[in-house]
Amino acid sequence: MQTSIPPSIPRWPISFWLGIFFLLCAFYTGIKVPEMRKFPFEGGDTKEYLNPILYWVKQGHYWPDYRLPGYGSLFWIFYAPTQNEKVAKYALTCVSFVLVSCTLVLSAAHLYKKTGSPLAVHLVGFVWATAPIAHKWGWLLPNTNVSALLVLTVLALDKRLYFWAGVGLAAMFFSQPITGALLPIIGIYLCFRYGWSPPWTSPLRKALLLTFIPVLFLETGWVIRNFLRYGDFRPLSGTKTLLHEPLYQNPAKLAYLLSQKLGLSSDSRLTYMLWKGEKLDTVRFFRLIPTSYLSPLQIEAIRSFLLRVHASPPAEGICPPALGLEEKFRKALQNIEIPFTVRKGFLIYHALFSDLLYEAGSLSPLDWLPYGLRHPHYFWGSMSFLLFYLSSLLLMVILAIQKGSITKDGTILYFIIGIFIPLLYWAMGILENRYLLVYTPLLGIWSSYSLVRLLQEVGIFKKANLDQNHVISRRESYSL
């Protein structure tokens with residue numbers, strides 16, 4: 001069966017949305033600079049990514065090695081020749097900005113090639129131009145880069161550029177190790193794409209090797225480095241975290257345990273308040289946890305824990321042993337038992353909504369307003385993820401019914417990753433807003449593609465009237 005491929009990419013829709021993206025980036029950065037009082041912006045984890053590189057350049061080894069050196073290596077590329085920390089930080093933000101801009105152009109062009117419809121370009125342009133994660137290019141954190149690399153990696157897989165897909169996977173994994181969850185999903189997808197019938201076919205072997213060799217090569221080097229330094233197997237972080245310490249020595253570990261038992265994400269704002277004790281409103285806190293499953297003693301234990309942490313807030317997130325929590329309170333906190341379904345339900349609620357409604361320690365004069373109204377940028381972040389996630393599920397079902405099967409289309413990988421990775425985060429108890437926003441553009445691209453294909457299938461939109469000289473087989477079109 002023959003299908004047409006557009007002879008050229010429409011430039012003005014891409015240019016239009018690229019311009020909108022530039023304007024929104026300038027607006028967001030402009031209103032953030034007075035608040036942060038500097039640029040580039042630094043988050044709570046920035047030093048953990050950059051300081052080990054500075055120590056390595058000056059002292060000869062990577063320390064502290066809690067973070068993998070992916071994002072830090074990019075910083076080193078600019079710091080090593082200039083020996084100027086400020087210049088290197090500005091260069092990092094420029095790389096993020098260029099990377100997102102290029103991803104917008106490439107993903108819009110890619111979907112136009114697959115659908116032949118300018119509507120796909122407008123939808124993808126809207127997704128990227130309004131994506132909150134894309135506007136965070138000015139922050140010295142890897143999240144924006146990972147979001148763009150995720151889309152570029154899927155594009156490379158769709159076009160059968162497996163080595164470059166592997167490079168993208170390696171860059172993502174060493175910048176944000178949680179993306180390692182992509183590895184088995186992509187492996188299974190490649191097996192289905194080429195057919196799993198031992199002995200392995202040559203195309204499948206080639207695809208798997210080219211895709212996974214970069215990340216396996218770098219990970220092997222990192223494991224060897226950690227073994228030589230520490231004498232044991234450490235595939236991710238070199239430095240052991242506070243959670244390895246005994247519970248009685250580390251109230252921070254108790255805070256982590258409490259957050260898990262209450263159905264909070266390990267990285268949610270409420271958990272962060274448990275660790276840091278920053279101006280915590282205990283009344284609001286108890287409204288956001290399932291208190292109906294707690295005994296009066298457990299509620300009192302939690303309240304005492306919050307007040308103790310708030311009375312002597314720890315430095316750098318480390319709770320000192322001198323909090324003096326009584327043994328009965330420790331036992332009460334550890335013996336909290338909330339049903340699995342309730343905890344997982346609250347986990348979803350906190351990931352999508354509690355960050356919009358609750359902000360401890362806000363000094364804004366508009367503090368009486370809901371968080372989403374004071375910070376529409378974050379409100380749209382959660383709402384866009386929810387919108388694209390639900391629309392992806394709905395459109396997938398409709399397309400499957402309409403066409404019978406669309407699993408041979410390479411773009412299905414957008415759906416598989418965008419849907420199942422957040423589910424995996426949910427199961428692991430690390431469902432948190434900043435992780436979800438990384439996958440929002442990918443979900444938006446899949447939703448855009450599915451919507452255009454659906455409208456074409458039902459005849460509302462016709463495919464572009466293309467030159468017959470640009471005709472290839474449907475099987476070949478899947479690799480574009």
# chains A, B, ... in the order shown; residues from 1 in each chain; ligands from 1
$ residues_around --residues "Gly263 in chain A" --least-positions-apart "6" --cutoff "7 Å" --atoms "only C-alpha atoms" --output "VMD selection string"
chain A and resid 343 to 344 346 to 347
$ residues_around --residues "range 57-59 of chain A" --least-positions-apart "6" --cutoff "10 Å" --atoms "only C-alpha atoms" --output "JSON, numbers by chain"
{"A": [51, 76, 79, 80, 83]}
$ closest_atom_pairs --of "range 132-161 of chain A" --to "range 23-31 of chain A" --cutoff "9 Å" --atoms "only C-alpha atoms" --output "tab-separated table"
residue	atom	partner	partner_atom	distance
A:Ala134	CA	A:Cys25	CA	8.2
A:His135	CA	A:Cys25	CA	5.3
A:Lys136	CA	A:Cys25	CA	8.2
A:Trp137	CA	A:Cys25	CA	8.4
A:Gly138	CA	A:Thr29	CA	7.3
$ select_by_dssp --residues "range 18-103 of chain A" --states "helix (DSSP H, G or I)" --output "PyMOL selection string"
chain A and resi 18-36+46-59+70-82+85-103
$ residues_around --residues "Leu210 in chain A" --least-positions-apart "5" --cutoff "9 Å" --atoms "only C-alpha atoms" --output "short mmCIF file (atom, residue, chain, number, x, y, z; two decimals) with C-alpha atoms, in the first residue's frame"
data_model
loop_
_atom_site.label_atom_id
_atom_site.label_comp_id
_atom_site.auth_asym_id
_atom_site.auth_seq_id
_atom_site.Cartn_x
_atom_site.Cartn_y
_atom_site.Cartn_z
CA LEU A 161 18.90 5.81 14.20
CA TYR A 162 19.69 3.43 17.02
CA PHE A 163 23.19 4.57 17.91
CA TRP A 164 22.04 8.16 18.37
CA ALA A 165 19.08 6.89 20.37
CA GLY A 166 21.62 5.08 22.56
CA ARG A 205 20.65 -7.83 17.39
#
$ residues_around --residues "Leu393 in chain A" --least-positions-apart "2" --cutoff "10 Å" --atoms "only C-alpha atoms" --output "PyMOL selection string"
chain A and resi 388-391+395-398+415+419+443+447
$ write_last_selection --atoms "C-alpha atoms" --output "mmCIF file, in the first residue's frame"
data_model
loop_
_atom_site.group_PDB
_atom_site.id
_atom_site.type_symbol
_atom_site.label_atom_id
_atom_site.label_comp_id
_atom_site.auth_asym_id
_atom_site.auth_seq_id
_atom_site.Cartn_x
_atom_site.Cartn_y
_atom_site.Cartn_z
ATOM 1 C CA PHE A 388 -2.304 14.919 27.777
ATOM 2 C CA TYR A 389 -2.202 11.760 29.871
ATOM 3 C CA LEU A 390 -5.962 11.206 29.751
ATOM 4 C CA SER A 391 -6.271 12.258 26.111
ATOM 5 C CA LEU A 395 -7.200 8.581 21.647
ATOM 6 C CA MET A 396 -5.268 5.324 21.798
ATOM 7 C CA VAL A 397 -8.466 3.369 22.437
ATOM 8 C CA ILE A 398 -10.382 5.203 19.702
ATOM 9 C CA PHE A 415 2.475 6.438 24.016
ATOM 10 C CA ILE A 419 1.921 6.265 29.830
ATOM 11 C CA LEU A 443 2.582 12.868 25.917
ATOM 12 C CA SER A 447 -1.821 13.261 21.707
#
$ closest_residue --among "A:Ser8, A:Gln334, A:Ser237, A:Gln260" --to "Ser117 in chain A" --atoms "only C-alpha atoms"
A:Ser8
$ closest_residue --among "A:Ser382, A:Ser304, A:Asn226, A:Ser202" --to "Asp65 in chain A" --atoms "only C-alpha atoms"
A:Asn226
$ atom_distance --atom1 "CA of Leu149 in chain A" --atom2 "CA of Tyr71 in chain A"
12.4 Å
$ closest_residue --among "A:Gly444, A:Glu219, A:Ile188, A:Leu436" --to "Leu204 in chain A" --atoms "only C-alpha atoms"
A:Ile188
$ residues_around --residues "Thr153 in chain A" --least-positions-apart "3" --cutoff "7 Å" --atoms "only C-alpha atoms" --output "PDB file with C-alpha atoms, in the first residue's frame"
ATOM      1  CA  LEU A 149      16.545  14.345  25.071  1.00  0.00           C
ATOM      2  CA  LEU A 150      13.625  12.014  25.755  1.00  0.00           C
ATOM      3  CA  ALA A 156      15.801   8.586  16.698  1.00  0.00           C
ATOM      4  CA  LEU A 157      14.239   5.210  17.525  1.00  0.00           C
ATOM      5  CA  ALA A 165      19.083   6.887  20.370  1.00  0.00           C
ATOM      6  CA  GLY A 168      20.435  10.022  24.095  1.00  0.00           C
ATOM      7  CA  LEU A 169      19.623   7.227  26.558  1.00  0.00           C
TER       8      LEU A 169
END
$ residues_around --residues "range 122-129 of chain A" --least-positions-apart "6" --cutoff "9 Å" --atoms "only C-alpha atoms" --output "list in words"
Pro13, Ile14, Phe16, Trp17, Leu18, Gly19, Ile20, Phe21, Phe22, Leu24, Cys25, Val100, Ser101, Thr103, Leu104, Val105, Ser107, Ala108, Leu111, His135, Ser384, Thr440, Pro441, Gly444, Ile445, Ser447, Ser448 and Tyr449 of chain A
